[in-house]
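First comes the structure, then the notes that go with it.
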Amino acid sequence: MAKVLDIRILGDDILRKKLQEVDPKDPFLKDFIPDLIHTMYIRDGVGLAANQVGVDKRIVVIDPHTADEEKEQNPIVMLNPKILERDGKQIGDEGCISVPYIFAPVVRDKKIVYEYTDLEGKTITKETEGYEAVIIQHELDHLDGIVFTDRLAPLAKLKLKTKLSQMESTAVDGVNIRKD
């Protein structure tokens, strides 16, 4: 049975680390992927990157339809994902499981072409836009040690400076975990 993993919070060193590539044949994935997916759903997320649960591997799970209660859960597991093409701009409020209770407008690419390896080792290339493109860009940022607040306009960042500093200061020895 899948378990809920602890969420790493802003201030934790692993959220600022560029993560290591993962081999689809790594036996670690057998137990980890179901736990990562389960944790994403329990935390009401639409995406979750491995470093958000303390794992240094380029793994992302997403389910853009999680918010639509009429749709069945359909998680997508991406190993070593990357964006190949970008087009247009859009702006929208974002939040993050690792930056709790903070939402702010972020400019993202409107349309992207991206590539990843699935759990069978097959390379998948897709094109998407809108909300799904935002989710993928947000999660892939995590793989490079970037959180959404890094992408805020200067004024928005200034308004949140105190809250973000307080959150980061609660880390102990570079680790900041949310267990609730």
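Convention: chains lettered A, B, ... in structure tokens order; per-chain residue numbering from 1; ligands numbered from 1 as shown.
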
Using only C-alpha atoms, what table do you get, as a tab-separated table, when you list each residue of region 44-106 of chain A with an atom no more than 12 Å from region 161-171 of chain A, its nearest pair of atoms, and their distance in Å rounded to one decimal, rows by chain then rising number?
residue	atom	partner	partner_atom	distance
A:Ser98	CA	A:Met167	CA	10.1
A:Val99	CA	A:Met167	CA	8.1
A:Pro100	CA	A:Met167	CA	9.1
A:Tyr101	CA	A:Lys163	CA	9.8
A:Ile102	CA	A:Lys163	CA	8.6
A:Phe103	CA	A:Leu164	CA	11.6

Notebook entry, point to check: Looking only at the backbone, which of the residues in chain A does DSSP tag as helix (DSSP H, G or I), as a PyMOL selection string?
Noted result: chain A and resi 13-16+28-42+50-53+130-143+148-151+154-169

Checklist line | Which of A:Glu139, A:Asp173, A:Asp6, A:Glu85 sits closest to Glu115 (chain A) [using only C-alpha atoms] | finding: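 Residue with the minimum atom-to-atom distance to Glu115 (chain A): A:Glu85.
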
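Among the candidate residues A:Arg8, A:Lys30, A:His38, A:Lys18, the one lying nearest to Arg58 (chain A) is A:Lys18, with distances computed using only C-alpha atoms.
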
Next item on the list: Can you list, as a ChimeraX atom specification, all residues belonging to region 91-173 of chain A that DSSP tags as strand (DSSP E or B)?
Entry: /A:91-96,99-117,123-129,172

Any chance you could export the current selection's C-alpha atoms as a tab-separated table (two decimals), in the first residue's frame?
chain	number	residue	atom	x	y	z
A	91	ILE	CA	0.11	34.71	-16.58
A	92	GLY	CA	-1.73	33.06	-13.73
A	93	ASP	CA	-1.68	32.52	-9.99
A	94	GLU	CA	0.47	29.63	-8.81
A	95	GLY	CA	0.95	27.93	-5.51
A	96	CYS	CA	3.16	25.07	-4.40
A	99	VAL	CA	5.63	26.87	-0.38
A	100	PRO	CA	2.38	26.49	1.60
A	101	TYR	CA	-0.30	29.17	1.77
A	102	ILE	CA	1.38	31.45	-0.77
A	103	PHE	CA	-0.14	32.18	-4.17
A	104	ALA	CA	1.13	34.72	-6.66
A	105	PRO	CA	1.02	35.52	-10.39
A	106	VAL	CA	3.73	33.94	-12.53
A	107	VAL	CA	4.46	34.44	-16.24
A	108	ARG	CA	4.87	31.11	-18.07
A	109	ASP	CA	5.08	29.94	-21.66
A	110	LYS	CA	1.64	29.37	-23.15
A	111	LYS	CA	2.57	26.40	-25.32
A	112	ILE	CA	5.40	23.89	-24.87
A	113	VAL	CA	6.79	20.78	-26.52
A	114	TYR	CA	8.31	18.46	-23.95
A	115	GLU	CA	9.96	15.08	-23.75
A	116	TYR	CA	10.35	12.49	-21.01
A	117	THR	CA	11.08	8.84	-20.44
A	123	THR	CA	10.87	8.33	-24.90
A	124	ILE	CA	7.63	10.29	-25.13
A	125	THR	CA	7.34	13.67	-26.88
A	126	LYS	CA	4.18	15.77	-26.43
A	127	GLU	CA	2.85	19.25	-27.04
A	128	THR	CA	0.53	21.03	-24.63
A	129	GLU	CA	-0.68	24.49	-23.71
A	172	VAL	CA	17.18	23.00	10.63

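Rounded to one decimal, CA of Gly54 (chain A) and CA of Ile136 (chain A) lie 19.3 Å from each other.
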
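Distance annotation: of A:Ile7, A:Leu19, A:Leu79, A:Ala2, the residue with the minimal separation from Ile146 (chain A) is A:Leu19; atom set is only C-alpha atoms.
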
Margin query: Nearest residue to Phe148 (chain A) out of A:Arg16, A:Asp26, A:Val4, A:Glu21, using only C-alpha atoms?
Written below: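 Checking each of A:Arg16, A:Asp26, A:Val4, A:Glu21 against Phe148 (chain A), counting only C-alpha atoms, the winner is A:Arg16.
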
Item checked: Separation of CA of Pro34 (chain A) from CA of Leu48 (chain A) in Å ->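 One can read the CA of Leu48 (chain A) to CA of Pro34 (chain A) distance as 12.1 Å.
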
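Among A:Ile135, A:Phe32, A:Gln20, A:Asp87, the residue with the shortest atom-to-atom distance to Gly45 (chain A), counting only C-alpha atoms, is A:Ile135.
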
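Residues lying within 9 Å of Leu119 (chain A), counting only C-alpha atoms and ignoring same-chain neighbours fewer than 2 positions away, are Pro24, Lys25, Leu29, Val77, Met78, Leu79, Thr117, Gly121 and Lys122 of chain A.
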
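CA of Glu132 (chain A) sits 8.9 Å away from CA of His65 (chain A).
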